[in-house]
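S.K.: Right, I'll just put the structure down here and ask away after.
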Amino acid sequence: MGRKVVLMLFHNDLRINDNATLLKAAEIASTNNGRLLCVYVSDLADTLTKQTNKTPYYFDEMGRSRKQFLVESLVDLNESLQRLSNRLLYLPTDDLSTDKLPSTIDAFTQLCQLIEQHAVTDIYISQTADYHQNQAYKVLQHQFPQISWHRYSNNTLFAVMSSTKDLPKSFTQFRKQIEANHDLLNAENNLTITPMPKSLPPLPDDMIGNSVFFYKAQTFDKHAQHERCFKGGESSAISHLNSYFKSEAPSTYKVTRNDLDNWKHSTKFSAWLANGSLSVKVLLNRLRQYECEVIANDSTYWIWFELLWREYFYWYALTHLQKLFWFRGISQDAPSTCFNKERLEQWQTGTTSYPIVNACMHQLKATGYMSNRGRQIVASCFIHELGLDWRYGASYFEQHLIDYDVASNWGNWQYLAGVGADPRGCRQFNLKKQTQQYDPNGDFINKWQGNKISE
Ligand SMILES: Cc1cc2nc3c(=O)[nH]c(=O)nc-3n(C[C@H](O)[C@H](O)[C@H](O)COP(=O)(O)OP(=O)(O)OC[C@H]3O[C@@H](n4cnc5c(N)ncnc54)[C@H](O)[C@@H]3O)c2cc1C
């Protein structure tokens with residue numbers, strides 16, 4: 001066997017612990033003194049699919065908080081790889097933290113050049129439910145038929161569903177099926193975690209002195225305009241995991257989870273789970289440990305319940321593919337809503353006539369985060385009060401949410417628009433009642449200036 005040149009293509013698996021793809025890539029590259037290229041391509045899917053079939057509802061510039069979270073995640077990953085004697089290569093080669101013009105050669109072409117220059121023999125990729133990303137992988141695979149492709153499950157609790165055709169139509173049926181057939185409710189049963197590689201094979205020799213591709217530490221932080229609790233990267237994910245499960249918050253989660261604005265009132269794991277800097281299996285093991293050592297109650301069960309929603313939408317996205325982005329979703333009929341520039345802008349800028357909605361939208365713009373209750377309120381307003389095409393709302397969330405996840409985002413929007421997995425059909429929230437229940441004293445609206453009608 002000749003020397004292997006292995007390319008590990010990171011996407012939503014930005015970690016070194018419990019990363020089966022990275023471990024396997026390292027193992028195969030180690031044989032016969034091979035080489036390992038660890039690469040992150042920022043807009044592989046965008047350059048290939050979204051831009052060529054450009055949809056009108058697609059907002060292509062990533063919001064500031066989301067970008068910052070991603071940069072921090074990549075910097076942290078690079079540091080971990082360096083400790084293991086490798087480094088992260090970032091494509092396209094322009095600096096993420098500045099507004100420099102993008103490189104004239106797009107990311108996909110740069111990736112193809114890298115593969116050719118180094119005569120890559122094997123590519124390692126984690127499974128994803130991201131339809132556009134999977135399309136991009138197919139194009140790449142078609143371009144390089146001689147390369148061996150390897151894919152591993154890294155982002156879900158279950159490696160495979162027996163068949164996506166068998167995915168239950170509703171979440172409740174899915175949950176019951178999982179709870180009946182898997183032993184994941186048993187607190188004694190730990191999921192197997194893939195060990196971290198002890199060291200990594202080196203980069204190809206001619207890359208060692210070439211700094212062009214290397215991911216450089218960014219100075220993004222100093223631009224942050226608000227105090228932030230979310231910091232991207234595996235190290236921050238682990239420290240949040242430790243601090244959350246050292247606190248009493250898990251034991252009261254079910255009663256506090258609907259709070260609009262309190263750090264400990266929901267788990268806040270979503271952003272790290274979304275880009276894979278936290279493994280959902282590590283999280284579930286930690287939850288079970290808490291149940292063994294501290295308390296197992298309705299609240300701890302409900303954390304599992306919510307993680308199952310994430311799981312459900314993952315399989316839902318893999319089942320319905322591009323239908324995830326269709327106006328009529330998986331249903332027979334299209335909604336009666338439409339595009340309206342003025343109403344869309346009012347919603348985006350938080351200048352509607354609904355203070356609770358405005359406050360949530362200001363919070364999203366400033367922090368990149370919004371509570372689940374907030375998301376339901378603003379999405380319901382978007383669809384029902386403002387009568388807008390739900391895909392513009394989903395796309396705006398995609399641009400700004402630090403926890404943006406293709407399956408959870410588009411799946412939840414479809415659900416609320418009545419074109420998805422909801423057996424009850426379209427759900428409309430009474431905004432007045434929601435305000436009375438979740439912000440009775442107006443503290444949240446005041447904090448996020450929901451009464452301010454113009455920016
Ligand atoms: C319109 C809309 C869009 C959404 N877009 C996203 C998105 O892009 N990315 C994302 O991760 N979540 C999304 N969600 C789901 C949910 O709002 C967030 O996961 C949650 O608010 C994140 O905060 P948390 O980690 O404190 O959640 P917690 O309440 O602590 O829940 C624990 C974990 O369970 C999962 N989870 C909880 N609720 C849901 C749900 N409804 N669907 C799927 N997974 C869930 C998340 O991984 C979360 O971290 C969306 C919900 C709505 C209504």
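By order of appearance in the structure tokens: chains A, B, ..., then residues from 1 within every chain, and ligands from 1 in the order shown.
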Enumerate residues in contact with ligand 1: an atom-to-atom distance of at most 6 Å, counting only C-alpha atoms and all ligand atoms. Format the result as a VMD selection string.
M.R.: chain A and resid 257 266 to 270 274 303 306 to 307 309 to 310 371 to 372 375 to 376 379 403 to 405 408 to 409 412 to 413
S.K.: Please list as an MDAnalysis selection string every residue within 8 Å of A:Tyr438, counting only C-alpha atoms and excluding residues in the same chain fewer than 3 positions away.
M.R.: chainID A and resid 258:260 434:435
S.K.: Find the residue from A:Trp390, A:Tyr316, A:Tyr415, A:Tyr244 that sits nearest to A:Pro335; use only C-alpha atoms when measuring.
M.R.: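 Of A:Trp390, A:Tyr316, A:Tyr415, A:Tyr244, the one nearest A:Pro335 is A:Trp390, counting only C-alpha atoms.
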S.K.: Applying 12 Å and only C-alpha atoms, which residues near A:Tyr290 remain after dropping the ones on its own chain fewer than 3 positions away? List them as a CSV table (one decimal) with N, CA, C and O atoms, in the first residue's frame.
M.R.:
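Contents of the output file result36.csv:
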```
chain,number,residue,atom,x,y,z
A,187,ALA,N,-30.5,5.4,33.0
A,187,ALA,CA,-29.4,6.2,33.5
A,187,ALA,C,-28.0,5.5,33.6
A,187,ALA,O,-27.0,6.1,33.6
A,188,GLU,N,-28.1,4.2,33.8
A,188,GLU,CA,-26.9,3.4,34.0
A,188,GLU,C,-26.1,3.2,32.6
A,188,GLU,O,-25.0,2.8,32.6
A,241,LEU,N,-20.7,22.8,29.8
A,241,LEU,CA,-21.3,21.5,30.2
A,241,LEU,C,-21.0,21.3,31.7
A,241,LEU,O,-21.9,20.9,32.5
A,242,ASN,N,-19.8,21.6,32.1
A,242,ASN,CA,-19.4,21.4,33.5
A,242,ASN,C,-20.2,22.3,34.4
A,242,ASN,O,-20.7,21.9,35.5
A,244,TYR,N,-23.0,23.9,33.9
A,244,TYR,CA,-24.5,23.7,33.9
A,244,TYR,C,-24.8,22.5,34.8
A,244,TYR,O,-25.7,22.6,35.6
A,245,PHE,N,-24.1,21.4,34.7
A,245,PHE,CA,-24.4,20.2,35.5
A,245,PHE,C,-23.9,20.3,36.9
A,245,PHE,O,-24.2,19.4,37.7
A,246,LYS,N,-23.1,21.3,37.2
A,246,LYS,CA,-22.7,21.5,38.6
A,246,LYS,C,-23.8,22.3,39.3
A,246,LYS,O,-23.9,22.4,40.5
A,247,SER,N,-24.6,23.0,38.5
A,247,SER,CA,-25.7,23.8,39.1
A,247,SER,C,-26.9,23.0,39.3
A,247,SER,O,-27.0,21.9,39.0
A,248,GLU,N,-27.9,23.7,39.9
A,248,GLU,CA,-29.2,23.0,40.1
A,248,GLU,C,-30.2,23.2,39.0
A,248,GLU,O,-31.3,22.7,38.9
A,249,ALA,N,-29.7,23.9,37.9
A,249,ALA,CA,-30.6,24.3,36.8
A,249,ALA,C,-31.3,23.1,36.1
A,249,ALA,O,-32.4,23.1,35.8
A,250,PRO,N,-30.5,21.9,35.9
A,250,PRO,CA,-31.2,20.8,35.3
A,250,PRO,C,-32.4,20.3,36.0
A,250,PRO,O,-33.4,19.8,35.4
A,251,SER,N,-32.4,20.4,37.4
A,251,SER,CA,-33.5,19.9,38.1
A,251,SER,C,-34.8,20.7,38.1
A,251,SER,O,-35.8,20.3,38.5
A,283,LEU,N,-23.1,15.0,25.9
A,283,LEU,CA,-24.2,15.7,26.6
A,283,LEU,C,-25.1,14.7,27.3
A,283,LEU,O,-25.5,14.9,28.5
A,284,LEU,N,-25.6,13.7,26.5
A,284,LEU,CA,-26.6,12.8,27.1
A,284,LEU,C,-26.0,12.0,28.2
A,284,LEU,O,-26.6,11.8,29.3
A,285,ASN,N,-24.7,11.6,28.1
A,285,ASN,CA,-24.1,10.9,29.2
A,285,ASN,C,-24.0,11.7,30.4
A,285,ASN,O,-24.2,11.2,31.5
A,286,ARG,N,-23.7,13.0,30.2
A,286,ARG,CA,-23.6,13.9,31.4
A,286,ARG,C,-25.0,14.1,32.1
A,286,ARG,O,-25.0,14.2,33.3
A,287,LEU,N,-26.0,14.1,31.2
A,287,LEU,CA,-27.4,14.2,31.8
A,287,LEU,C,-27.7,13.0,32.6
A,287,LEU,O,-28.2,13.1,33.7
A,293,GLU,N,-26.4,10.8,40.0
A,293,GLU,CA,-25.7,11.4,41.2
A,293,GLU,C,-26.6,12.5,41.9
A,293,GLU,O,-26.4,12.7,43.1
A,294,VAL,N,-27.4,13.2,41.2
A,294,VAL,CA,-28.1,14.3,41.9
A,294,VAL,C,-29.6,14.0,41.9
A,294,VAL,O,-30.2,13.7,43.0
A,295,ILE,N,-30.3,14.1,40.8
A,295,ILE,CA,-31.8,13.8,40.8
A,295,ILE,C,-32.2,13.5,39.4
A,295,ILE,O,-31.7,14.0,38.4
A,296,ALA,N,-33.2,12.5,39.3
A,296,ALA,CA,-33.8,12.3,38.1
A,296,ALA,C,-35.3,12.7,38.3
A,296,ALA,O,-36.0,12.1,39.1
A,297,ASN,N,-35.8,13.7,37.5
A,297,ASN,CA,-37.2,14.1,37.7
A,297,ASN,C,-37.8,14.5,36.4
A,297,ASN,O,-37.1,14.3,35.3
A,299,SER,N,-37.9,17.3,35.0
A,299,SER,CA,-37.1,18.3,34.3
A,299,SER,C,-35.9,17.6,33.6
A,299,SER,O,-35.7,18.0,32.4
A,300,THR,N,-35.3,16.7,34.2
A,300,THR,CA,-34.2,16.0,33.6
A,300,THR,C,-34.7,15.2,32.4
A,300,THR,O,-34.1,15.1,31.3
A,301,TYR,N,-35.9,14.6,32.6
A,301,TYR,CA,-36.5,13.9,31.5
A,301,TYR,C,-36.8,14.9,30.3
A,301,TYR,O,-36.6,14.5,29.1
A,303,ILE,N,-35.2,17.5,29.3
A,303,ILE,CA,-34.0,17.8,28.5
A,303,ILE,C,-33.8,16.8,27.5
A,303,ILE,O,-33.6,17.1,26.3
```
S.K.: Between A:Gln428, A:Ser85, A:Asn275, A:Asn190, which one has atoms that come closest to A:Leu70, using only C-alpha atoms?
M.R.: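 Under the stated criterion, the closest residue is A:Asn275.
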S.K.: Give the alpha helix (DSSP H) residues of stretch 201-425 of chain A, as DSSP finds them on the backbone, and put them as JSON, numbers by chain.
M.R.: {"A": [234, 235, 236, 237, 238, 239, 240, 241, 242, 243, 244, 245, 246, 253, 254, 255, 256, 270, 271, 272, 273, 274, 280, 281, 282, 283, 284, 285, 286, 287, 288, 289, 290, 291, 292, 293, 298, 299, 300, 301, 302, 303, 304, 305, 306, 307, 308, 309, 310, 311, 312, 313, 314, 315, 316, 317, 318, 319, 320, 341, 342, 343, 344, 345, 346, 347, 348, 349, 355, 356, 357, 358, 359, 360, 361, 362, 363, 364, 365, 366, 367, 372, 373, 374, 375, 376, 377, 378, 379, 380, 390, 391, 392, 393, 394, 395, 396, 397, 398, 399, 400, 406, 407, 408, 409, 410, 411, 412, 413, 414, 415, 416, 417]}
S.K.: What's the separation between atom CA of A:Val41 and atom CA of A:Gly276, in Å to one decimal place?
M.R.: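 So the two atoms, atom CA of A:Val41 and atom CA of A:Gly276, lie 14.9 Å apart.
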S.K.: Using only C-alpha atoms, find the one residue out of A:Lys447, A:Lys176, A:Lys281, A:Lys169 that sits nearest to A:Leu157.
M.R.: A:Lys281
S.K.: Select, from A:Ala25, A:Val406, A:Ala107, A:Ala421, the residue with the minimum atom-to-atom distance to A:Thr93, counting only C-alpha atoms.
M.R.: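 Of the candidates, the smallest distance to A:Thr93 is held by A:Ala107.
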S.K.: If you run DSSP on the backbone here, which positions in stretch 84-200 of chain A get strand (DSSP E or B)? Please write them as a list in words.
M.R.: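 Answer for stretch 84-200 of chain A restricted to strand (DSSP E or B) is Leu88, Leu89, Tyr90, Leu91, Asp122, Ile123, Tyr124, Ile125, Ser126, Ser148, Trp149, His150, Arg151 and Tyr152 of chain A.
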S.K.: Residues near A:Trp149, anyone? I mean within 10 Å using only C-alpha atoms, not counting same-chain ones fewer than 5 positions away, as number ranges by chain.
M.R.: A: 7, 121-125, 137, 141, 144
S.K.: For A:Asn155, work out the shell of residues within 9 Å, counting only C-alpha atoms and skipping chain neighbours fewer than 3 positions away, then give it as a list of chain:residue names.
M.R.: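 After dropping sequence-adjacent residues, the list is A:Asn12, A:Asp13, A:Ser126, A:Gln127, A:Thr128, A:Phe158, A:Ala159, A:Leu273, A:Ala274, A:Gly276, A:Ser279, A:Val280, A:Lys281.
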S.K.: Excluding same-chain residues fewer than 6 positions from A:Phe327, what lies within 10 Å of it counting only C-alpha atoms, as a PDB file with N, CA, C and O atoms, in the first residue's frame?
M.R.:
```pdb
ATOM      1  N   ASP A 333     -50.890  21.503   0.101  1.00  0.00           N
ATOM      2  CA  ASP A 333     -51.302  22.863  -0.271  1.00  0.00           C
ATOM      3  C   ASP A 333     -50.321  23.919   0.217  1.00  0.00           C
ATOM      4  O   ASP A 333     -49.786  23.818   1.313  1.00  0.00           O
ATOM      5  N   ALA A 334     -50.147  24.943  -0.607  1.00  0.00           N
ATOM      6  CA  ALA A 334     -49.286  26.064  -0.212  1.00  0.00           C
ATOM      7  C   ALA A 334     -50.067  26.982   0.724  1.00  0.00           C
ATOM      8  O   ALA A 334     -51.285  27.117   0.588  1.00  0.00           O
ATOM      9  N   PRO A 335     -49.366  27.627   1.688  1.00  0.00           N
ATOM     10  CA  PRO A 335     -50.074  28.572   2.567  1.00  0.00           C
ATOM     11  C   PRO A 335     -50.580  29.781   1.773  1.00  0.00           C
ATOM     12  O   PRO A 335     -50.122  30.024   0.657  1.00  0.00           O
ATOM     13  N   THR A 337     -50.021  32.862   2.523  1.00  0.00           N
ATOM     14  CA  THR A 337     -49.179  34.026   2.830  1.00  0.00           C
ATOM     15  C   THR A 337     -48.337  34.405   1.608  1.00  0.00           C
ATOM     16  O   THR A 337     -48.291  33.670   0.634  1.00  0.00           O
ATOM     17  N   CYS A 338     -47.641  35.571   1.689  1.00  0.00           N
ATOM     18  CA  CYS A 338     -46.848  35.996   0.529  1.00  0.00           C
ATOM     19  C   CYS A 338     -45.660  36.871   0.973  1.00  0.00           C
ATOM     20  O   CYS A 338     -45.504  37.149   2.159  1.00  0.00           O
ATOM     21  N   ASP A 389     -44.522  34.927   3.797  1.00  0.00           N
ATOM     22  CA  ASP A 389     -43.994  33.624   3.337  1.00  0.00           C
ATOM     23  C   ASP A 389     -42.941  33.161   4.359  1.00  0.00           C
ATOM     24  O   ASP A 389     -41.896  33.813   4.538  1.00  0.00           O
ATOM     25  N   TRP A 390     -43.217  32.035   5.027  1.00  0.00           N
ATOM     26  CA  TRP A 390     -42.398  31.580   6.157  1.00  0.00           C
ATOM     27  C   TRP A 390     -40.922  31.409   5.809  1.00  0.00           C
ATOM     28  O   TRP A 390     -40.050  31.502   6.668  1.00  0.00           O
ATOM     29  N   ARG A 391     -40.619  31.178   4.517  1.00  0.00           N
ATOM     30  CA  ARG A 391     -39.220  30.897   4.148  1.00  0.00           C
ATOM     31  C   ARG A 391     -38.318  32.112   4.352  1.00  0.00           C
ATOM     32  O   ARG A 391     -37.121  31.981   4.605  1.00  0.00           O
ATOM     33  N   GLN A 414     -41.361  25.078   9.335  1.00  0.00           N
ATOM     34  CA  GLN A 414     -42.415  24.358   8.600  1.00  0.00           C
ATOM     35  C   GLN A 414     -43.529  23.945   9.551  1.00  0.00           C
ATOM     36  O   GLN A 414     -44.709  24.055   9.237  1.00  0.00           O
ATOM     37  N   ALA A 417     -45.609  26.856  10.365  1.00  0.00           N
ATOM     38  CA  ALA A 417     -46.343  27.361   9.189  1.00  0.00           C
ATOM     39  C   ALA A 417     -47.437  26.380   8.761  1.00  0.00           C
ATOM     40  O   ALA A 417     -48.190  26.654   7.831  1.00  0.00           O
ATOM     41  N   VAL A 419     -46.982  23.429   7.428  1.00  0.00           N
ATOM     42  CA  VAL A 419     -46.647  22.659   6.220  1.00  0.00           C
ATOM     43  C   VAL A 419     -45.621  21.563   6.552  1.00  0.00           C
ATOM     44  O   VAL A 419     -44.941  21.061   5.671  1.00  0.00           O
TER      45      VAL A 419
END
```
S.K.: Can you pull out every residue within 12 Å of A:Gly63, counting only C-alpha atoms, but drop anything in the same chain fewer than 5 positions away, and send it as a PyMOL selection string?
M.R.: chain A and resi 68-70+97+364-369+395-404
S.K.: Selection from above, N, CA and C atoms, as a PDB file, in the first residue's frame, can you write it?
M.R.:
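Result file out-v6.pdb:
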```pdb
ATOM      1  N   GLN A  68     -19.039  35.470  14.482  1.00  0.00           N
ATOM      2  CA  GLN A  68     -18.084  35.501  15.586  1.00  0.00           C
ATOM      3  C   GLN A  68     -18.013  34.140  16.290  1.00  0.00           C
ATOM      4  N   PHE A  69     -19.174  33.544  16.499  1.00  0.00           N
ATOM      5  CA  PHE A  69     -19.211  32.233  17.160  1.00  0.00           C
ATOM      6  C   PHE A  69     -18.458  31.199  16.327  1.00  0.00           C
ATOM      7  N   LEU A  70     -18.643  31.292  15.020  1.00  0.00           N
ATOM      8  CA  LEU A  70     -17.956  30.350  14.126  1.00  0.00           C
ATOM      9  C   LEU A  70     -16.441  30.566  14.170  1.00  0.00           C
ATOM     10  N   SER A  97     -12.611  37.620   9.584  1.00  0.00           N
ATOM     11  CA  SER A  97     -12.966  38.680  10.519  1.00  0.00           C
ATOM     12  C   SER A  97     -13.014  40.051   9.875  1.00  0.00           C
ATOM     13  N   LEU A 364     -32.310  39.015  19.168  1.00  0.00           N
ATOM     14  CA  LEU A 364     -31.660  38.161  18.156  1.00  0.00           C
ATOM     15  C   LEU A 364     -30.553  38.920  17.434  1.00  0.00           C
ATOM     16  N   LYS A 365     -30.845  40.139  17.025  1.00  0.00           N
ATOM     17  CA  LYS A 365     -29.867  40.928  16.274  1.00  0.00           C
ATOM     18  C   LYS A 365     -28.631  41.210  17.129  1.00  0.00           C
ATOM     19  N   ALA A 366     -28.863  41.482  18.426  1.00  0.00           N
ATOM     20  CA  ALA A 366     -27.738  41.855  19.294  1.00  0.00           C
ATOM     21  C   ALA A 366     -26.908  40.657  19.744  1.00  0.00           C
ATOM     22  N   THR A 367     -27.560  39.509  19.926  1.00  0.00           N
ATOM     23  CA  THR A 367     -26.832  38.393  20.552  1.00  0.00           C
ATOM     24  C   THR A 367     -26.716  37.152  19.668  1.00  0.00           C
ATOM     25  N   GLY A 368     -27.563  37.051  18.649  1.00  0.00           N
ATOM     26  CA  GLY A 368     -27.571  35.827  17.832  1.00  0.00           C
ATOM     27  C   GLY A 368     -28.354  34.715  18.494  1.00  0.00           C
ATOM     28  N   TYR A 369     -28.996  34.992  19.617  1.00  0.00           N
ATOM     29  CA  TYR A 369     -29.765  33.966  20.321  1.00  0.00           C
ATOM     30  C   TYR A 369     -31.172  34.474  20.605  1.00  0.00           C
ATOM     31  N   SER A 395     -35.035  32.009   6.636  1.00  0.00           N
ATOM     32  CA  SER A 395     -33.773  32.447   6.060  1.00  0.00           C
ATOM     33  C   SER A 395     -33.114  33.548   6.915  1.00  0.00           C
ATOM     34  N   TYR A 396     -33.962  34.421   7.476  1.00  0.00           N
ATOM     35  CA  TYR A 396     -33.416  35.462   8.354  1.00  0.00           C
ATOM     36  C   TYR A 396     -32.826  34.818   9.626  1.00  0.00           C
ATOM     37  N   PHE A 397     -33.505  33.818  10.144  1.00  0.00           N
ATOM     38  CA  PHE A 397     -32.965  33.074  11.290  1.00  0.00           C
ATOM     39  C   PHE A 397     -31.634  32.426  10.909  1.00  0.00           C
ATOM     40  N   GLU A 398     -31.594  31.868   9.708  1.00  0.00           N
ATOM     41  CA  GLU A 398     -30.351  31.214   9.248  1.00  0.00           C
ATOM     42  C   GLU A 398     -29.189  32.207   9.264  1.00  0.00           C
ATOM     43  N   GLN A 399     -29.485  33.417   8.878  1.00  0.00           N
ATOM     44  CA  GLN A 399     -28.441  34.435   8.819  1.00  0.00           C
ATOM     45  C   GLN A 399     -27.929  34.798  10.230  1.00  0.00           C
ATOM     46  N   HIS A 400     -28.838  34.836  11.203  1.00  0.00           N
ATOM     47  CA  HIS A 400     -28.450  35.406  12.505  1.00  0.00           C
ATOM     48  C   HIS A 400     -28.237  34.432  13.658  1.00  0.00           C
ATOM     49  N   LEU A 401     -28.927  33.308  13.661  1.00  0.00           N
ATOM     50  CA  LEU A 401     -28.839  32.441  14.855  1.00  0.00           C
ATOM     51  C   LEU A 401     -27.448  31.834  15.026  1.00  0.00           C
ATOM     52  N   ILE A 402     -26.871  31.984  16.209  1.00  0.00           N
ATOM     53  CA  ILE A 402     -25.573  31.341  16.429  1.00  0.00           C
ATOM     54  C   ILE A 402     -25.735  29.818  16.486  1.00  0.00           C
ATOM     55  N   ASP A 403     -26.962  29.367  16.779  1.00  0.00           N
ATOM     56  CA  ASP A 403     -27.172  27.914  16.817  1.00  0.00           C
ATOM     57  C   ASP A 403     -27.835  27.422  15.536  1.00  0.00           C
ATOM     58  N   TYR A 404     -27.675  28.189  14.463  1.00  0.00           N
ATOM     59  CA  TYR A 404     -28.364  27.794  13.223  1.00  0.00           C
ATOM     60  C   TYR A 404     -28.030  26.346  12.853  1.00  0.00           C
TER      61      TYR A 404
END
```
S.K.: Select, from A:Leu9, A:Leu140, A:Leu114, A:Val71, the residue with the minimum atom-to-atom distance to A:Asp206, counting only C-alpha atoms.
M.R.: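 Going through A:Leu9, A:Leu140, A:Leu114, A:Val71 one by one, the smallest distance to A:Asp206 is for A:Leu114.
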S.K.: Nearest to A:Gly329 among A:Trp410, A:Tyr314, A:Val255, A:Ile383, with distances taken over only C-alpha atoms: which residue is it?
M.R.: A:Trp410
